[in-house]
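Take a look at the structure set out below.
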Amino acid sequence: MDLATFLVQCLNSIQFGLLLFLVASGLTLIFGIMGIINLAHGSFYMIGAYMAYGLAPVVAGSVGGGFFTTLAFGLLLSVVVGYLLEWAFFSYLYDREHLQQVLMTYGLILVFDELRSIVVGDDVHGVAPPAWLAGSIPLGELMSYPVYRLFISAVCIALAIGMYFVFTRTRLGMMIRAGSSNREMVQSLGIDIKILYRFVFAAGVALAALAGMIAAPVSSVYPGMGDQVLIICFVVVVIGGIGSVRGALLAALLIGAVDTFGKVLLPGAAGVLIYVLMAAILLWKPAGLFRAG
Amino acid sequence: MTTSRPAIVLCLAAVAGLALYPLFASDFGVDLTTKILIYAILALSLELLVGQTGLVCFGQAAFFGIAAYATVRFSPEYAAAAVWWLLPAAVAAAALFALLMGALSLRTRGVYFIMVTLAFSQMAYYVIHDTPVGGGTDGIYLNVLPSVPIGPTQLLDLGDPLQFYYVALGAVVACFGLLALVLRSRFGRALAGMRANEQRMRATGFPTYPYQLAAFVLSGAIAGVAGFLFAVKDGFVNPELLSWHLSGAALVMIILGGLGHLRGAVLGAFALSLLEELFQSRELVGGFADHWHLGLGASIIACVAFLPRGLIGLPQMLRARPGGDSR
Amino acid sequence: MSAGEILLAGRGIRRVWGGLVALDEVSIEVRRGEVHALIGTNGAGKSTLVNILAGEIPPTAGRVELLGRDVGAWSQPRRARAGLARSYQRTTIFPEFSVLENCRLCAQAKHPRPWAFWSAAARCETSLDAARRAAVRVGLGDDLHRKAGLLSHGGRRQLEIGMCLATRPRVLLLDEPLAGMGAEETERMLALIEELRPDHGILLVEHDMDAVFRIADRITVMVNGQVIASDLPGAIRNDPDVQAAYLGEPA
């Protein structure tokens, strides 16, 4: 493998890893703070991608906006949908056993899938990136790298920094972290824990949907994308440690590297490699790399 | 937990009913019921893990699919393999994977355990789907069905749907009986204790890991029986047999039927399959038949939300209403 | 009454959680025929010490000796099979099973024979016998077939002890057996402990001071992870350090 190809694969693996982190962080947060395992999290990613596809003409027609306006609309919509979903459905799952949570959210995946099928159909779609991001940067003499992929990485990094800032430096972040370890104490401080949880859930949904939206131009928009990302996110969370956002980042980058280089070096075994990685890490650390926090 | 007499009578009646069913059913009915009986064995295997040992395994399809693939892969290309060695070989393949999966997963607990079992079964899926082991993403055919030789003659023709139906029914009864024996044995009671309070069992002197691992292997083996039968029934296997959607469906079956009861697993297999047929039937739901996952998903949610004890627990639930005696 | 040989000992036990020292050089001995009470304020480290002795958590440093052997590397089930039984503060019975089955399952730990899948556990005479005897000994002989979850609070605490006895232990670690009990139930429990004293070594963690001073042969007092006194009850009652830390002004 020459240097240029190696560089391209490095950038790809970082981009993939960061995108995974975006989705997995929502999953691990929702589990770490509210204690619910949500199989439908992958569906939010898929819904985000389909929103990028479906909202674009609507936004262009009504307010004349382009990619970023669509993104903003989609983000707003996801927060609203997430908020309503928590209120109508997920808040009933907090006190239930994990098996029940698994099955109810599994039923939700089926419902979401079919609703998507009814509303937009089962076709695969492409989404074009905005024109000014559609170019490529030359790497060496023969290769070039798509600017849009760098954009994806940049957005993920910005969000990761933003999350770190919110968690460690703001009152909101402190409330969230406190709420995960001591519900009663937070409630006695006058903070309505229900609203807090609703907000956290909506944020998790928005993260996953945003990931789907910005990923759409490179991954296309297709029905099975939610399932695929869900399982990989589970591996991220298992390796990183449930409830640990730090662990999710490290694990996501690790998986991004293993998957990307695996596909290039061992194409026949690519799909299996991340599970072998997971098995190896579990042998060493049965609870994942980091504890919650 | 002893079964009440009415429950035993109902079970025997159900077996008798199933035995008589082919006499007046259509070919389609026999085929569908055979498939349901195979799923019932899968559900029984999962009930051992979830309902009796308290281990929520989201990877049951892996044992099922591995045995199915082993059945096809171990069979010679142009000759019939004797079922006497093919079945144990396929079951052993599934049990071996269960041993590996259990050995690594049992070091984790709770949600972690659920996720890890799911991930390991996905690993098996990708091995079958992507590597030469699986023979291709479209699946592979079983060219010659296994034979059932006794000396020079054939005891059964597994290719005859009617005979195969009774083989499947017999397998369900045998697995049910075996599990019933195991559950009332010392081993089974120890599993029940671990499910009720693992800490107390450890404090009393039971090493929990070997017991749970043994339950895993037994569960994998029984799921393997189902996988073998599935491969022989259609003569065709594809990677979707290891899909986590099948694992999810198996979990739905045992919750729908009623967790904690062997007959709940069988009942749940029938109930889920019939629900699927219902939602796919054009006569009943018209255009929505193409989107039958919608009704299915909604039913799963409703079932878990409103029928926490499953169908088996329904009489008790109804009796607890005002007007009836409550327990 | 002279106590017998040392059945269970912790020597120089140290336990550190992160930066916090939960136990600091704690040593304790439980002898046959002796009720050794362990008292102290909340957070003194009593539960941590019991968990380390039982094998549920490992010590950061120090030795645990059971029947003269170093069992530091032994898992909790292994120590239980060697004769160490413990009861828990929050009752850990099996509420869905009958009283008899609760005891029988525990007795089974001594004769597990898990491979004999064809024989019904409910007909295992060995475990049934030990179970019946244990249940009768704790006073539940008339409730053998009652569902354990339907017992009174005192009944459940009795059952918890019965489950310990079903394994024919040499050492009993009793973690607050009197918690939540009324006067009559307390009397019954104390009479039971009195009856168990000759054949066992009993480590009793308790907050009920009247009961402790009535029944204990020896009292160890812990404060902030350290043993501040370990002596006969009379000496403990008059110890100024103990009074200052725990008992209040002398009567």
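To be explicit about the labels: the chains of the structure tokens are called A, B, and onward in the order shown, and within each one the residues are counted from 1, while ligands get numbers from 1 in the order they are shown.
The residue set within 8 Å of Pro223 (chain A), counting only C-alpha atoms and dropping same-chain residues fewer than 5 places from it, reads A:Met46, A:Asp113, A:Asp122, A:Asp123, A:Val124.
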12 Å contacts from chain B to chain C using only C-alpha atoms, as number ranges by chain: B: 1-2, 177-212, 214-215, 218
Limited to N, CA and C atoms, could you put the picked residues into a file as a compact mmCIF listing (two decimals), in the first residue's frame?
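Saved as out_36.txt:
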```txt
# COMPACT_ATOMS: atom_id res chain seq x y z
N MET B 1 -41.51 -26.21 40.23
CA MET B 1 -42.86 -25.76 39.86
C MET B 1 -43.62 -26.91 39.22
N THR B 2 -44.64 -27.38 39.88
CA THR B 2 -45.38 -28.51 39.31
C THR B 2 -46.51 -27.97 38.43
N GLY B 177 -40.11 -33.00 26.48
CA GLY B 177 -39.93 -33.97 27.55
C GLY B 177 -38.57 -33.90 28.19
N LEU B 178 -37.54 -33.77 27.34
CA LEU B 178 -36.18 -33.68 27.87
C LEU B 178 -36.03 -32.46 28.76
N LEU B 179 -36.53 -31.31 28.28
CA LEU B 179 -36.41 -30.09 29.07
C LEU B 179 -37.20 -30.20 30.37
N ALA B 180 -38.38 -30.83 30.30
CA ALA B 180 -39.18 -30.98 31.51
C ALA B 180 -38.41 -31.80 32.55
N LEU B 181 -37.75 -32.86 32.08
CA LEU B 181 -36.93 -33.68 32.97
C LEU B 181 -35.80 -32.86 33.58
N VAL B 182 -35.09 -32.15 32.69
CA VAL B 182 -33.94 -31.37 33.15
C VAL B 182 -34.37 -30.32 34.17
N LEU B 183 -35.52 -29.67 33.92
CA LEU B 183 -35.93 -28.58 34.79
C LEU B 183 -36.32 -29.05 36.18
N ARG B 184 -36.78 -30.29 36.31
CA ARG B 184 -37.15 -30.74 37.64
C ARG B 184 -36.00 -31.49 38.31
N SER B 185 -34.88 -31.60 37.60
CA SER B 185 -33.72 -32.27 38.17
C SER B 185 -32.97 -31.30 39.08
N ARG B 186 -31.95 -31.80 39.73
CA ARG B 186 -31.14 -30.95 40.61
C ARG B 186 -30.53 -29.80 39.83
N PHE B 187 -30.04 -30.14 38.62
CA PHE B 187 -29.45 -29.11 37.77
C PHE B 187 -30.45 -28.02 37.46
N GLY B 188 -31.65 -28.45 37.07
CA GLY B 188 -32.69 -27.50 36.72
C GLY B 188 -33.11 -26.64 37.90
N ARG B 189 -33.20 -27.24 39.07
CA ARG B 189 -33.59 -26.47 40.24
C ARG B 189 -32.50 -25.45 40.59
N ALA B 190 -31.26 -25.86 40.39
CA ALA B 190 -30.16 -24.92 40.64
C ALA B 190 -30.27 -23.73 39.69
N LEU B 191 -30.59 -23.99 38.43
CA LEU B 191 -30.78 -22.89 37.47
C LEU B 191 -31.90 -21.97 37.93
N ALA B 192 -33.00 -22.57 38.40
CA ALA B 192 -34.12 -21.76 38.87
C ALA B 192 -33.70 -20.89 40.03
N GLY B 193 -32.90 -21.45 40.93
CA GLY B 193 -32.40 -20.67 42.05
C GLY B 193 -31.53 -19.52 41.59
N MET B 194 -30.68 -19.78 40.59
CA MET B 194 -29.80 -18.72 40.09
C MET B 194 -30.59 -17.62 39.44
N ARG B 195 -31.68 -17.98 38.79
CA ARG B 195 -32.50 -16.95 38.18
C ARG B 195 -33.17 -16.13 39.26
N ALA B 196 -33.63 -16.79 40.33
CA ALA B 196 -34.35 -16.08 41.38
C ALA B 196 -33.41 -15.18 42.18
N ASN B 197 -32.25 -15.68 42.52
CA ASN B 197 -31.32 -14.89 43.32
C ASN B 197 -29.93 -15.47 43.21
N GLU B 198 -29.16 -14.95 42.26
CA GLU B 198 -27.85 -15.51 41.97
C GLU B 198 -26.92 -15.38 43.17
N GLN B 199 -27.03 -14.24 43.87
CA GLN B 199 -26.14 -14.00 45.00
C GLN B 199 -26.35 -15.05 46.08
N ARG B 200 -27.59 -15.37 46.38
CA ARG B 200 -27.89 -16.36 47.40
C ARG B 200 -27.33 -17.72 47.00
N MET B 201 -27.42 -18.06 45.73
CA MET B 201 -26.91 -19.35 45.28
C MET B 201 -25.39 -19.42 45.45
N ARG B 202 -24.72 -18.32 45.16
CA ARG B 202 -23.27 -18.31 45.31
C ARG B 202 -22.91 -18.41 46.79
N ALA B 203 -23.67 -17.66 47.62
CA ALA B 203 -23.39 -17.68 49.05
C ALA B 203 -23.65 -19.05 49.65
N THR B 204 -24.47 -19.85 48.97
CA THR B 204 -24.80 -21.18 49.48
C THR B 204 -23.78 -22.23 49.03
N GLY B 205 -23.03 -21.91 47.98
CA GLY B 205 -22.02 -22.86 47.56
C GLY B 205 -22.13 -23.33 46.12
N PHE B 206 -23.02 -22.70 45.32
CA PHE B 206 -23.13 -23.10 43.92
C PHE B 206 -22.24 -22.22 43.05
N PRO B 207 -21.31 -22.81 42.30
CA PRO B 207 -20.54 -22.01 41.36
C PRO B 207 -21.40 -21.72 40.13
N THR B 208 -21.76 -20.48 39.94
CA THR B 208 -22.79 -20.19 38.93
C THR B 208 -22.30 -20.34 37.50
N TYR B 209 -21.06 -20.02 37.24
CA TYR B 209 -20.56 -20.04 35.86
C TYR B 209 -20.71 -21.39 35.17
N PRO B 210 -20.26 -22.51 35.78
CA PRO B 210 -20.41 -23.80 35.09
C PRO B 210 -21.87 -24.17 34.81
N TYR B 211 -22.75 -23.86 35.77
CA TYR B 211 -24.16 -24.18 35.55
C TYR B 211 -24.72 -23.41 34.37
N GLN B 212 -24.42 -22.10 34.34
CA GLN B 212 -24.97 -21.27 33.27
C GLN B 212 -24.37 -21.65 31.93
N ALA B 214 -23.38 -24.63 31.09
CA ALA B 214 -24.02 -25.88 30.70
C ALA B 214 -25.41 -25.61 30.12
N ALA B 215 -26.13 -24.67 30.73
CA ALA B 215 -27.45 -24.31 30.21
C ALA B 215 -27.32 -23.75 28.80
N LEU B 218 -26.66 -26.66 26.36
CA LEU B 218 -27.88 -27.43 26.15
C LEU B 218 -28.85 -26.67 25.27
```
Test item: residues at most 9 Å from Leu203 (chain C), only C-alpha atoms, excluding those fewer than 4 positions along its chain, as a PyMOL selection string: chain C and resi 29-30+34-38+50+171-175
Surrounding residues of Val266 (chain B) excluding itself and chain neighbours under 5 positions, 9 Å, only C-alpha atoms, as a ChimeraX atom specification: /B:36-37,39-41,43-44,172,253-254,257,271
Per residue of chain A within 8 Å of chain B, what are the shortest atom pair and its distance in Å to one decimal, counting only C-alpha atoms, with rows by chain and residue number, as a Markdown table?
```
| residue | atom | partner | partner_atom | distance |
| --- | --- | --- | --- | --- |
| A:Ile37 | CA | B:Val111 | CA | 7.3 |
| A:His98 | CA | B:Val111 | CA | 6.7 |
| A:Leu99 | CA | B:Val56 | CA | 6.7 |
| A:Gln100 | CA | B:Val304 | CA | 6.3 |
| A:Leu103 | CA | B:Val252 | CA | 6.8 |
| A:Met104 | CA | B:Ile301 | CA | 4.8 |
| A:Thr105 | CA | B:Ile301 | CA | 7.8 |
| A:Tyr106 | CA | B:Gly248 | CA | 7.4 |
| A:Gly107 | CA | B:Gly297 | CA | 3.9 |
| A:Leu108 | CA | B:Gly297 | CA | 6.1 |
| A:Ile109 | CA | B:Gly297 | CA | 7.4 |
| A:Leu110 | CA | B:Gly297 | CA | 5.0 |
| A:Val111 | CA | B:Leu294 | CA | 4.7 |
| A:Phe112 | CA | B:Leu294 | CA | 8.0 |
| A:Asp113 | CA | B:His293 | CA | 7.9 |
| A:Glu114 | CA | B:Leu294 | CA | 5.5 |
| A:Leu115 | CA | B:Leu294 | CA | 7.3 |
| A:Ser117 | CA | B:His291 | CA | 7.7 |
| A:Ile118 | CA | B:His291 | CA | 7.5 |
| A:Ile231 | CA | B:Ala119 | CA | 7.0 |
| A:Phe234 | CA | B:Met115 | CA | 6.3 |
| A:Val235 | CA | B:Ala119 | CA | 6.5 |
| A:Val238 | CA | B:Tyr112 | CA | 6.7 |
| A:Ile242 | CA | B:Tyr112 | CA | 7.6 |
| A:Gly268 | CA | B:Thr131 | CA | 5.7 |
| A:Ala269 | CA | B:Thr131 | CA | 6.3 |
| A:Gly271 | CA | B:Tyr126 | CA | 5.7 |
| A:Val272 | CA | B:Met123 | CA | 5.5 |
| A:Tyr275 | CA | B:Met123 | CA | 5.7 |
| A:Val276 | CA | B:Met123 | CA | 7.8 |
| A:Ala279 | CA | B:Leu104 | CA | 7.4 |
| A:Leu282 | CA | B:Leu104 | CA | 7.2 |
| A:Leu283 | CA | B:Leu104 | CA | 6.9 |
| A:Pro286 | CA | B:Arg107 | CA | 6.1 |
| A:Ala287 | CA | B:Thr108 | CA | 6.7 |
```
Strand (DSSP E) per DSSP on the backbone: members of region 14-203 of chain B, as a JSON list (two decimals) with C-alpha atoms, in the first residue's frame:
```json
[["chain", "number", "residue", "atom", "x", "y", "z"],
["B", 140, "ILE", "CA", -26.84, -23.26, -0.51],
["B", 141, "TYR", "CA", -28.90, -26.31, -1.31],
["B", 149, "PRO", "CA", -31.52, -46.40, 7.52],
["B", 150, "ILE", "CA", -32.19, -49.40, 9.73],
["B", 153, "THR", "CA", -34.15, -50.57, 4.66],
["B", 154, "GLN", "CA", -35.23, -47.00, 5.10]]
```
Within 8 Å of region 25-36 of chain A using only C-alpha atoms, minus same-chain residues under 2 positions, as an MDAnalysis selection string: chainID A and resid 21:23 38 41 93:94 98 101 176:177 179:181 197 200:201 203:205 207:208 233 237 242:245 248:249 292
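Relative to CA of Gly224 (chain B), CA of Leu256 (chain B) is found at 22.3 Å.
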Separation of CA of Ala221 (chain B) from CA of Glu240 (chain B), in Å and rounded to one decimal: 19.5 Å
Å distance separating CA of Pro58 (chain C) from CA of Ala73 (chain C), one decimal place: 8.4 Å
Shell of 9 Å around Leu210 (chain A), only C-alpha atoms, local chain residues under 6 positions omitted, as a PyMOL selection string: chain A and resi 22-23+44-45+48-49+71+74-75+78
Output N, CA and C atoms for every residue in that selection, as a PDB file, in the first residue's frame.
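Saved the output as again10.pdb:
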```
ATOM      1  N   LEU A  22     -20.795   9.506  16.784  1.00  0.00           N
ATOM      2  CA  LEU A  22     -21.956  10.381  16.900  1.00  0.00           C
ATOM      3  C   LEU A  22     -23.207   9.581  17.235  1.00  0.00           C
ATOM      4  N   VAL A  23     -23.400   8.484  16.517  1.00  0.00           N
ATOM      5  CA  VAL A  23     -24.589   7.668  16.756  1.00  0.00           C
ATOM      6  C   VAL A  23     -24.478   6.934  18.090  1.00  0.00           C
ATOM      7  N   PHE A  44     -33.352   5.938  14.072  1.00  0.00           N
ATOM      8  CA  PHE A  44     -33.237   7.398  14.047  1.00  0.00           C
ATOM      9  C   PHE A  44     -32.184   7.824  13.016  1.00  0.00           C
ATOM     10  N   TYR A  45     -31.121   7.023  12.945  1.00  0.00           N
ATOM     11  CA  TYR A  45     -30.084   7.283  11.945  1.00  0.00           C
ATOM     12  C   TYR A  45     -30.683   7.201  10.545  1.00  0.00           C
ATOM     13  N   GLY A  48     -32.942  10.059   9.839  1.00  0.00           N
ATOM     14  CA  GLY A  48     -32.156  11.247   9.511  1.00  0.00           C
ATOM     15  C   GLY A  48     -31.748  11.245   8.048  1.00  0.00           C
ATOM     16  N   ALA A  49     -31.249  10.090   7.584  1.00  0.00           N
ATOM     17  CA  ALA A  49     -30.818  10.010   6.189  1.00  0.00           C
ATOM     18  C   ALA A  49     -31.986  10.245   5.235  1.00  0.00           C
ATOM     19  N   LEU A  71     -30.535  20.709   6.668  1.00  0.00           N
ATOM     20  CA  LEU A  71     -29.938  20.145   7.880  1.00  0.00           C
ATOM     21  C   LEU A  71     -30.577  20.765   9.128  1.00  0.00           C
ATOM     22  N   GLY A  74     -34.070  19.557   9.547  1.00  0.00           N
ATOM     23  CA  GLY A  74     -34.056  18.156   9.960  1.00  0.00           C
ATOM     24  C   GLY A  74     -33.704  18.023  11.434  1.00  0.00           C
ATOM     25  N   LEU A  75     -32.733  18.824  11.856  1.00  0.00           N
ATOM     26  CA  LEU A  75     -32.299  18.788  13.251  1.00  0.00           C
ATOM     27  C   LEU A  75     -33.467  19.196  14.165  1.00  0.00           C
ATOM     28  N   SER A  78     -35.981  16.513  14.332  1.00  0.00           N
ATOM     29  CA  SER A  78     -35.572  15.362  15.151  1.00  0.00           C
ATOM     30  C   SER A  78     -35.717  15.653  16.622  1.00  0.00           C
TER      31      SER A  78
END
```
